[in-house]
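Chemist: What follows is model.cif, mmCIF, C-alpha atoms.
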```cif
data_query
loop_
_atom_site.label_atom_id
_atom_site.label_comp_id
_atom_site.auth_asym_id
_atom_site.auth_seq_id
_atom_site.Cartn_x
_atom_site.Cartn_y
_atom_site.Cartn_z
CA MET S 28 16.30 16.05 -15.86
CA VAL S 29 18.94 16.35 -13.16
CA VAL S 30 16.37 16.05 -10.34
CA GLY S 31 14.37 13.31 -12.13
CA ASP S 32 17.44 11.12 -12.57
CA SER S 33 18.48 11.47 -8.92
CA ILE S 34 14.93 10.64 -7.77
CA LYS S 35 14.81 7.55 -10.00
CA LYS S 36 18.20 6.46 -8.68
CA GLU S 37 17.08 6.89 -5.05
CA VAL S 38 13.78 5.01 -5.62
CA LYS S 39 15.60 2.13 -7.35
CA GLN S 40 18.11 1.98 -4.51
CA ILE S 41 15.32 1.71 -1.94
CA PHE S 42 13.74 -1.20 -3.81
CA ASN S 43 17.14 -2.86 -4.34
CA VAL S 44 18.02 -2.89 -0.63
CA ASN S 45 14.39 -3.15 0.59
CA LYS S 46 14.97 -0.45 3.14
CA VAL S 47 14.16 3.23 3.29
CA PRO S 48 17.06 5.35 4.57
CA GLU S 49 16.21 7.10 7.83
CA TYR S 50 16.97 10.53 6.36
CA LEU S 51 14.10 10.01 3.90
CA ASN S 52 11.73 8.80 6.60
CA ARG S 53 11.75 12.06 8.58
CA THR S 54 8.57 14.07 8.64
CA ASN S 55 8.05 17.60 9.89
CA ILE S 56 4.69 18.87 11.07
CA VAL S 57 3.98 22.56 10.86
CA LEU S 58 0.98 24.14 12.56
CA ILE S 59 -0.78 26.67 10.32
CA PRO S 60 -3.11 29.14 12.08
CA LYS S 61 -6.76 28.85 11.00
CA ILE S 62 -7.82 32.15 12.56
CA VAL S 63 -6.22 35.40 13.69
CA ASN S 64 -6.71 35.13 17.47
CA LEU S 65 -5.18 31.81 18.45
CA GLU S 66 -6.35 30.49 21.81
CA THR S 67 -6.24 26.69 21.58
CA LEU S 68 -4.40 24.00 19.66
CA GLY S 69 -7.64 23.40 17.75
CA ASN S 70 -7.13 26.81 16.12
CA TYR S 71 -4.22 25.35 14.12
CA CYS S 72 -4.25 23.09 11.08
CA PRO S 73 -1.37 20.54 11.18
CA ILE S 74 0.38 20.08 7.84
CA SER S 75 2.69 17.09 7.37
CA LEU S 76 5.84 17.77 5.34
CA CYS S 77 7.23 14.53 3.91
CA ASN S 78 10.13 13.91 1.57
CA THR S 79 9.15 13.56 -2.11
CA VAL S 80 11.03 10.27 -2.56
CA TYR S 81 9.29 8.93 0.55
CA LYS S 82 5.91 9.79 -1.01
CA ILE S 83 6.81 8.19 -4.36
CA VAL S 84 7.93 4.92 -2.78
CA SER S 85 4.86 4.94 -0.51
CA LYS S 86 2.58 5.28 -3.53
CA ILE S 87 4.35 2.39 -5.27
CA ILE S 88 3.94 0.18 -2.18
CA VAL S 89 0.26 1.12 -1.87
CA ALA S 90 -0.29 0.35 -5.57
CA ARG S 91 1.22 -3.11 -5.00
CA LEU S 92 -0.85 -3.79 -1.87
CA ARG S 93 -4.20 -2.31 -2.98
CA PRO S 94 -5.29 -5.24 -5.20
CA HIS S 95 -4.87 -7.58 -2.23
CA LEU S 96 -6.63 -5.54 0.47
CA ASP S 97 -9.93 -7.37 0.08
CA LYS S 98 -8.12 -10.59 1.10
CA LEU S 99 -6.41 -8.96 4.09
CA ILE S 100 -9.35 -6.98 5.48
CA SER S 101 -12.50 -8.69 6.72
CA PRO S 102 -15.55 -8.47 4.46
CA LEU S 103 -17.31 -6.78 7.39
CA GLN S 104 -14.83 -3.90 7.30
CA SER S 105 -15.78 -1.28 4.75
CA ALA S 106 -13.02 1.32 5.05
CA PHE S 107 -9.73 1.19 3.14
CA VAL S 108 -10.92 -1.33 0.56
CA PRO S 109 -11.76 -0.32 -3.01
CA ARG S 110 -15.40 -0.89 -3.99
CA ARG S 111 -16.49 -1.05 -0.34
CA ARG S 112 -18.32 1.95 1.03
CA SER S 113 -18.77 2.82 4.69
CA VAL S 114 -22.36 3.81 3.93
CA ASP S 115 -23.05 0.10 3.28
CA ASN S 116 -22.71 -0.53 7.03
CA ALA S 117 -25.41 2.04 7.77
CA ILE S 118 -27.75 0.34 5.32
CA VAL S 119 -27.15 -3.07 6.94
CA VAL S 120 -27.89 -1.65 10.40
CA GLN S 121 -31.17 -0.07 9.31
CA GLU S 122 -32.91 -3.45 8.94
CA PRO S 123 -32.50 -4.67 12.56
CA ILE S 124 -33.32 -1.18 13.88
CA HIS S 125 -36.50 -1.19 11.81
CA THR S 126 -37.38 -4.69 13.06
CA ILE S 127 -36.76 -3.72 16.70
CA SER S 128 -38.88 -0.58 16.43
CA ASN S 129 -41.82 -2.54 14.96
CA LYS S 130 -41.85 -5.29 17.63
CA LYS S 131 -44.99 -5.48 19.78
CA GLY S 132 -45.55 -7.22 23.10
CA LYS S 133 -43.76 -7.64 26.42
CA VAL S 134 -40.36 -8.61 25.00
CA ARG S 135 -38.02 -5.62 24.92
CA TYR S 136 -35.15 -5.21 22.52
CA MET S 137 -32.15 -2.97 22.68
CA ALA S 138 -29.51 -1.89 20.16
CA ILE S 139 -26.08 -0.81 21.32
CA LYS S 140 -23.90 1.41 19.18
CA VAL S 141 -20.23 0.81 19.81
CA ASP S 142 -17.90 3.62 18.84
CA LEU S 143 -15.02 2.05 16.94
CA GLU S 144 -13.42 5.33 15.93
CA LYS S 145 -10.13 4.47 17.65
CA THR S 146 -10.04 0.83 16.55
CA TYR S 147 -7.30 1.31 13.97
CA ASP S 148 -5.37 4.02 15.81
CA LYS S 149 -2.66 1.63 16.98
CA LEU S 150 -1.15 -1.31 15.15
CA GLU S 151 1.69 -3.35 16.60
CA TRP S 152 4.67 -3.76 14.26
CA GLY S 153 4.70 -7.52 14.82
CA PHE S 154 1.05 -7.73 13.80
CA ILE S 155 1.72 -5.85 10.56
CA ARG S 156 4.66 -8.14 9.77
CA GLU S 157 2.66 -11.32 10.51
CA VAL S 158 -0.30 -10.23 8.38
CA LEU S 159 1.97 -9.49 5.41
CA ILE S 160 3.88 -12.77 5.82
CA ASN S 161 0.70 -14.84 6.26
CA ALA S 162 -0.74 -13.20 3.16
CA ASN S 163 2.29 -14.53 1.25
CA PHE S 164 3.67 -11.15 0.24
CA PRO S 165 7.26 -11.30 -1.01
CA HIS S 166 9.85 -11.08 1.76
CA ASP S 167 11.40 -8.04 0.03
CA LEU S 168 8.11 -6.13 0.20
CA VAL S 169 7.56 -7.10 3.85
CA SER S 170 11.07 -5.86 4.69
CA LEU S 171 10.47 -2.58 2.89
CA VAL S 172 7.11 -1.98 4.57
CA MET S 173 8.60 -2.75 7.98
CA SER S 174 11.49 -0.41 7.24
CA TYR S 175 8.99 2.36 6.52
CA VAL S 176 7.04 1.65 9.68
CA SER S 177 9.93 1.24 12.11
CA SER S 178 12.34 3.97 11.01
CA VAL S 179 9.97 6.95 10.93
CA SER S 180 10.64 10.07 12.95
CA THR S 181 8.44 13.12 13.28
CA SER S 182 9.36 16.62 14.42
CA ILE S 183 7.13 19.58 14.98
CA LEU S 184 8.32 22.89 13.55
CA PHE S 185 7.89 25.49 16.26
CA ASN S 186 9.15 29.09 16.43
CA GLY S 187 11.38 28.58 13.39
CA GLY S 188 13.03 25.38 14.60
CA ASN S 189 12.42 21.66 15.11
CA VAL S 190 11.52 20.24 18.48
CA ASP S 191 13.09 16.91 19.42
CA PRO S 192 11.87 14.15 17.09
CA ILE S 193 9.14 11.77 18.12
CA LEU S 194 10.32 8.20 17.55
CA PRO S 195 7.95 5.23 17.46
CA SER S 196 8.49 2.08 19.45
CA GLN S 197 6.77 -1.19 18.55
CA ARG S 198 3.56 0.31 17.11
CA ILE S 199 2.23 2.91 14.73
CA ARG S 200 -0.59 5.37 15.30
#
```
Let me see the structure of the file written as structure tokens.
Modeler:
Amino acid sequence: MVVGDSIKKEVKQIFNVNKVPEYLNRTNIVLIPKIVNLETLGNYCPISLCNTVYKIVSKIIVARLRPHLDKLISPLQSAFVPRRRSVDNAIVVQEPIHTISNKKGKVRYMAIKVDLEKTYDKLEWGFIREVLINANFPHDLVSLVMSYVSSVSTSILFNGGNVDPILPSQRIR
């Protein structure tokens, strides 16, 4: 188990220093063609190539955070929380829509659907840190999560080589 031992050693080191080394936090994106005649970027499927140790440590962090997500995420938010289903929101909305459609008389009602698709696209690093601290997560775990978030770099593989890396600054997408 030459590889297994080196992976265990690397994972233990990350949790001992509460920081992911930058060389493990590099991701490459390769664009795989979906069809033969490529005309637009939409004709490609992006595949993210992450380091195995990065994925292992990420899964450990997620396993530690998952039991606490219901305390961190509003009860009105259905995504990302175990035992909450996004279909529940649709069921809740059906009742007022039904009531509005059955109203009689001169009073008019209106329902507005707000598209929140991009709501969670950007999170400020400071916000992430404050939420974790205010939720009383151990300082070591907060440091490790922030290390993951702030040291990431992404390169796109193009024509057999990497383009210049994309480095985040103050927020994640």
Chemist: For Asn45 in chain S, which of S:Ser174, S:Asn186, S:Thr181, S:Ser196 is the closest residue, counting only C-alpha atoms?
Modeler: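 Distance minimum relative to Asn45 in chain S lands on S:Ser174.
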Chemist: Tell me which protein, DNA and RNA residues are within 10 Å of Asp191 in chain S, counting all atoms listed in the file, leaving out same-chain ones fewer than 3 positions away, and put them as a PyMOL selection string.
Modeler: chain S and resi 180-184+188+194
Chemist: For Ala117 in chain S, which residue out of S:Lys86, S:Lys140, S:Phe154, S:Thr79 is the nearest one, using only C-alpha atoms?
Modeler: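 Nearest candidate to Ala117 in chain S out of S:Lys86, S:Lys140, S:Phe154, S:Thr79: S:Lys140.
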Chemist: What lies within 7 Å of range 47-50 of chain S using all atoms listed in the file, ignoring chain neighbours under 6 positions off, as a PyMOL selection string?
Modeler: chain S and resi 41+171+174-175+178-179
Chemist: May I ask for the distance between CA of Leu150 in chain S and CA of Val44 in chain S, given in Å to one decimal place?
Modeler: 24.9 Å
Chemist: Quick check, in Å to one decimal: how far apart do CA of Ile74 in chain S and CA of Asn55 in chain S lie?
Modeler: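 CA of Asn55 in chain S lies at a distance of 8.3 Å from CA of Ile74 in chain S.
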Chemist: If I take CA of Lys39 in chain S and CA of Leu96 in chain S, how far is one from the other in Å, to one decimal?
Modeler: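 Going from CA of Lys39 in chain S over to CA of Leu96 in chain S covers 24.8 Å.
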Chemist: Smallest atom-to-atom distance to Val158 in chain S: which of S:Gly69, S:Lys98, S:Ser128, S:Glu122, using only C-alpha atoms?
Modeler: S:Lys98
Chemist: From the set S:Pro60, S:Ala162, S:Asn189, S:Met173, which residue has the shortest atom-to-atom contact distance to Ile100 in chain S, counting all atoms listed in the file?
Modeler: S:Ala162
Chemist: Apply the PyMOL selection byres ((chain S and resi 76) around 7) to the structure shown and report the selected residues as a list in words.
Modeler: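 Checking the PyMOL selection byres ((chain S and resi 76) around 7) against this file, the residues are Thr54, Asn55, Ile56, Ile74, Ser75, Cys77 and Asn78 of chain S.
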Chemist: Those same residues, written as a CSV table (one decimal), in the frame of the given file with C-alpha atoms?
Modeler:
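File part01.csv, as written:
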```
chain,number,residue,atom,x,y,z
S,54,THR,CA,8.6,14.1,8.6
S,55,ASN,CA,8.0,17.6,9.9
S,56,ILE,CA,4.7,18.9,11.1
S,74,ILE,CA,0.4,20.1,7.8
S,75,SER,CA,2.7,17.1,7.4
S,77,CYS,CA,7.2,14.5,3.9
S,78,ASN,CA,10.1,13.9,1.6
```
Chemist: Compare S:Val57, S:Cys72, S:Leu51, S:Leu99 by their minimum atom-to-atom distance to Gly187 in chain S, counting all atoms listed in the file, and give me the closest one.
Modeler: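 Under the stated criterion, the closest residue is S:Val57.
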Chemist: Here is a test: counting all atoms listed in the file, which residue of S:Ser85, S:Asn43, S:Gly31, S:Leu168 is nearest to Arg156 in chain S?
Modeler: S:Leu168
Chemist: Determine the residue membership of the PyMOL selection byres ((chain S and resi 38) around 10) for the file above and supply it as a PyMOL selection string.
Modeler: chain S and resi 32-37+39-43+47+80-81+83-84+87
Chemist: Only C-alpha atoms, please: the residues just picked out, written as a compact mmCIF listing (two decimals), in the coordinates of the input.
Modeler:
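Dumped to selection.txt:
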```
# COMPACT_ATOMS: atom_id res chain seq x y z
CA ASP S 32 17.44 11.12 -12.57
CA SER S 33 18.48 11.47 -8.92
CA ILE S 34 14.93 10.64 -7.77
CA LYS S 35 14.81 7.55 -10.00
CA LYS S 36 18.20 6.46 -8.68
CA GLU S 37 17.08 6.89 -5.05
CA LYS S 39 15.60 2.13 -7.35
CA GLN S 40 18.11 1.98 -4.51
CA ILE S 41 15.32 1.71 -1.94
CA PHE S 42 13.74 -1.20 -3.81
CA ASN S 43 17.14 -2.86 -4.34
CA VAL S 47 14.16 3.23 3.29
CA VAL S 80 11.03 10.27 -2.56
CA TYR S 81 9.29 8.93 0.55
CA ILE S 83 6.81 8.19 -4.36
CA VAL S 84 7.93 4.92 -2.78
CA ILE S 87 4.35 2.39 -5.27
```
Chemist: Got a minute to add N, CA, C and O atoms to range 166-187 of chain S and dump it as a PDB file, in the frame of the given file?
Modeler:
```pdb
ATOM      1  N   HIS S 166       9.037 -11.478   0.614  1.00  0.00           N
ATOM      2  CA  HIS S 166       9.850 -11.080   1.760  1.00  0.00           C
ATOM      3  C   HIS S 166      10.433  -9.677   1.557  1.00  0.00           C
ATOM      4  O   HIS S 166      10.514  -8.896   2.506  1.00  0.00           O
ATOM      5  N   ASP S 167      10.829  -9.369   0.321  1.00  0.00           N
ATOM      6  CA  ASP S 167      11.400  -8.040   0.030  1.00  0.00           C
ATOM      7  C   ASP S 167      10.397  -6.928   0.333  1.00  0.00           C
ATOM      8  O   ASP S 167      10.752  -5.902   0.909  1.00  0.00           O
ATOM      9  N   LEU S 168       9.145  -7.144  -0.048  1.00  0.00           N
ATOM     10  CA  LEU S 168       8.110  -6.130   0.200  1.00  0.00           C
ATOM     11  C   LEU S 168       7.828  -6.009   1.692  1.00  0.00           C
ATOM     12  O   LEU S 168       7.671  -4.900   2.206  1.00  0.00           O
ATOM     13  N   VAL S 169       7.779  -7.123   2.388  1.00  0.00           N
ATOM     14  CA  VAL S 169       7.560  -7.100   3.850  1.00  0.00           C
ATOM     15  C   VAL S 169       8.686  -6.322   4.514  1.00  0.00           C
ATOM     16  O   VAL S 169       8.438  -5.468   5.372  1.00  0.00           O
ATOM     17  N   SER S 170       9.922  -6.568   4.112  1.00  0.00           N
ATOM     18  CA  SER S 170      11.070  -5.860   4.690  1.00  0.00           C
ATOM     19  C   SER S 170      10.975  -4.358   4.436  1.00  0.00           C
ATOM     20  O   SER S 170      11.251  -3.550   5.326  1.00  0.00           O
ATOM     21  N   LEU S 171      10.581  -4.000   3.236  1.00  0.00           N
ATOM     22  CA  LEU S 171      10.470  -2.580   2.890  1.00  0.00           C
ATOM     23  C   LEU S 171       9.363  -1.909   3.694  1.00  0.00           C
ATOM     24  O   LEU S 171       9.565  -0.820   4.243  1.00  0.00           O
ATOM     25  N   VAL S 172       8.209  -2.550   3.792  1.00  0.00           N
ATOM     26  CA  VAL S 172       7.110  -1.980   4.570  1.00  0.00           C
ATOM     27  C   VAL S 172       7.536  -1.820   6.030  1.00  0.00           C
ATOM     28  O   VAL S 172       7.313  -0.770   6.655  1.00  0.00           O
ATOM     29  N   MET S 173       8.173  -2.826   6.586  1.00  0.00           N
ATOM     30  CA  MET S 173       8.600  -2.750   7.980  1.00  0.00           C
ATOM     31  C   MET S 173       9.671  -1.690   8.183  1.00  0.00           C
ATOM     32  O   MET S 173       9.721  -1.043   9.229  1.00  0.00           O
ATOM     33  N   SER S 174      10.500  -1.476   7.176  1.00  0.00           N
ATOM     34  CA  SER S 174      11.490  -0.410   7.240  1.00  0.00           C
ATOM     35  C   SER S 174      10.792   0.949   7.309  1.00  0.00           C
ATOM     36  O   SER S 174      11.176   1.817   8.094  1.00  0.00           O
ATOM     37  N   TYR S 175       9.769   1.119   6.500  1.00  0.00           N
ATOM     38  CA  TYR S 175       8.990   2.360   6.520  1.00  0.00           C
ATOM     39  C   TYR S 175       8.358   2.590   7.885  1.00  0.00           C
ATOM     40  O   TYR S 175       8.396   3.682   8.435  1.00  0.00           O
ATOM     41  N   VAL S 176       7.774   1.541   8.433  1.00  0.00           N
ATOM     42  CA  VAL S 176       7.040   1.650   9.680  1.00  0.00           C
ATOM     43  C   VAL S 176       7.973   1.901  10.864  1.00  0.00           C
ATOM     44  O   VAL S 176       7.683   2.722  11.730  1.00  0.00           O
ATOM     45  N   SER S 177       9.091   1.219  10.906  1.00  0.00           N
ATOM     46  CA  SER S 177       9.930   1.240  12.110  1.00  0.00           C
ATOM     47  C   SER S 177      10.996   2.325  12.132  1.00  0.00           C
ATOM     48  O   SER S 177      11.567   2.592  13.181  1.00  0.00           O
ATOM     49  N   SER S 178      11.263   2.973  11.007  1.00  0.00           N
ATOM     50  CA  SER S 178      12.340   3.970  11.010  1.00  0.00           C
ATOM     51  C   SER S 178      11.836   5.408  10.936  1.00  0.00           C
ATOM     52  O   SER S 178      12.620   6.328  10.790  1.00  0.00           O
ATOM     53  N   VAL S 179      10.538   5.609  11.045  1.00  0.00           N
ATOM     54  CA  VAL S 179       9.970   6.950  10.930  1.00  0.00           C
ATOM     55  C   VAL S 179      10.334   7.822  12.128  1.00  0.00           C
ATOM     56  O   VAL S 179      10.498   7.331  13.242  1.00  0.00           O
ATOM     57  N   SER S 180      10.508   9.097  11.873  1.00  0.00           N
ATOM     58  CA  SER S 180      10.640  10.070  12.950  1.00  0.00           C
ATOM     59  C   SER S 180       9.871  11.320  12.549  1.00  0.00           C
ATOM     60  O   SER S 180       9.802  11.671  11.375  1.00  0.00           O
ATOM     61  N   THR S 181       9.268  11.948  13.537  1.00  0.00           N
ATOM     62  CA  THR S 181       8.440  13.120  13.280  1.00  0.00           C
ATOM     63  C   THR S 181       8.875  14.245  14.203  1.00  0.00           C
ATOM     64  O   THR S 181       9.080  14.025  15.400  1.00  0.00           O
ATOM     65  N   SER S 182       9.037  15.433  13.629  1.00  0.00           N
ATOM     66  CA  SER S 182       9.360  16.620  14.420  1.00  0.00           C
ATOM     67  C   SER S 182       8.310  17.679  14.145  1.00  0.00           C
ATOM     68  O   SER S 182       7.776  17.780  13.036  1.00  0.00           O
ATOM     69  N   ILE S 183       8.045  18.463  15.146  1.00  0.00           N
ATOM     70  CA  ILE S 183       7.130  19.580  14.980  1.00  0.00           C
ATOM     71  C   ILE S 183       7.958  20.845  14.808  1.00  0.00           C
ATOM     72  O   ILE S 183       8.899  21.093  15.577  1.00  0.00           O
ATOM     73  N   LEU S 184       7.640  21.612  13.771  1.00  0.00           N
ATOM     74  CA  LEU S 184       8.320  22.890  13.550  1.00  0.00           C
ATOM     75  C   LEU S 184       7.653  23.922  14.446  1.00  0.00           C
ATOM     76  O   LEU S 184       6.438  24.130  14.378  1.00  0.00           O
ATOM     77  N   PHE S 185       8.450  24.546  15.292  1.00  0.00           N
ATOM     78  CA  PHE S 185       7.890  25.490  16.260  1.00  0.00           C
ATOM     79  C   PHE S 185       8.847  26.657  16.427  1.00  0.00           C
ATOM     80  O   PHE S 185      10.046  26.461  16.649  1.00  0.00           O
ATOM     81  N   ASN S 186       8.346  27.863  16.294  1.00  0.00           N
ATOM     82  CA  ASN S 186       9.150  29.090  16.430  1.00  0.00           C
ATOM     83  C   ASN S 186      10.407  29.050  15.563  1.00  0.00           C
ATOM     84  O   ASN S 186      11.495  29.400  16.002  1.00  0.00           O
ATOM     85  N   GLY S 187      10.264  28.571  14.343  1.00  0.00           N
ATOM     86  CA  GLY S 187      11.380  28.580  13.390  1.00  0.00           C
ATOM     87  C   GLY S 187      12.348  27.435  13.531  1.00  0.00           C
ATOM     88  O   GLY S 187      13.354  27.394  12.826  1.00  0.00           O
TER      89      GLY S 187
END
```
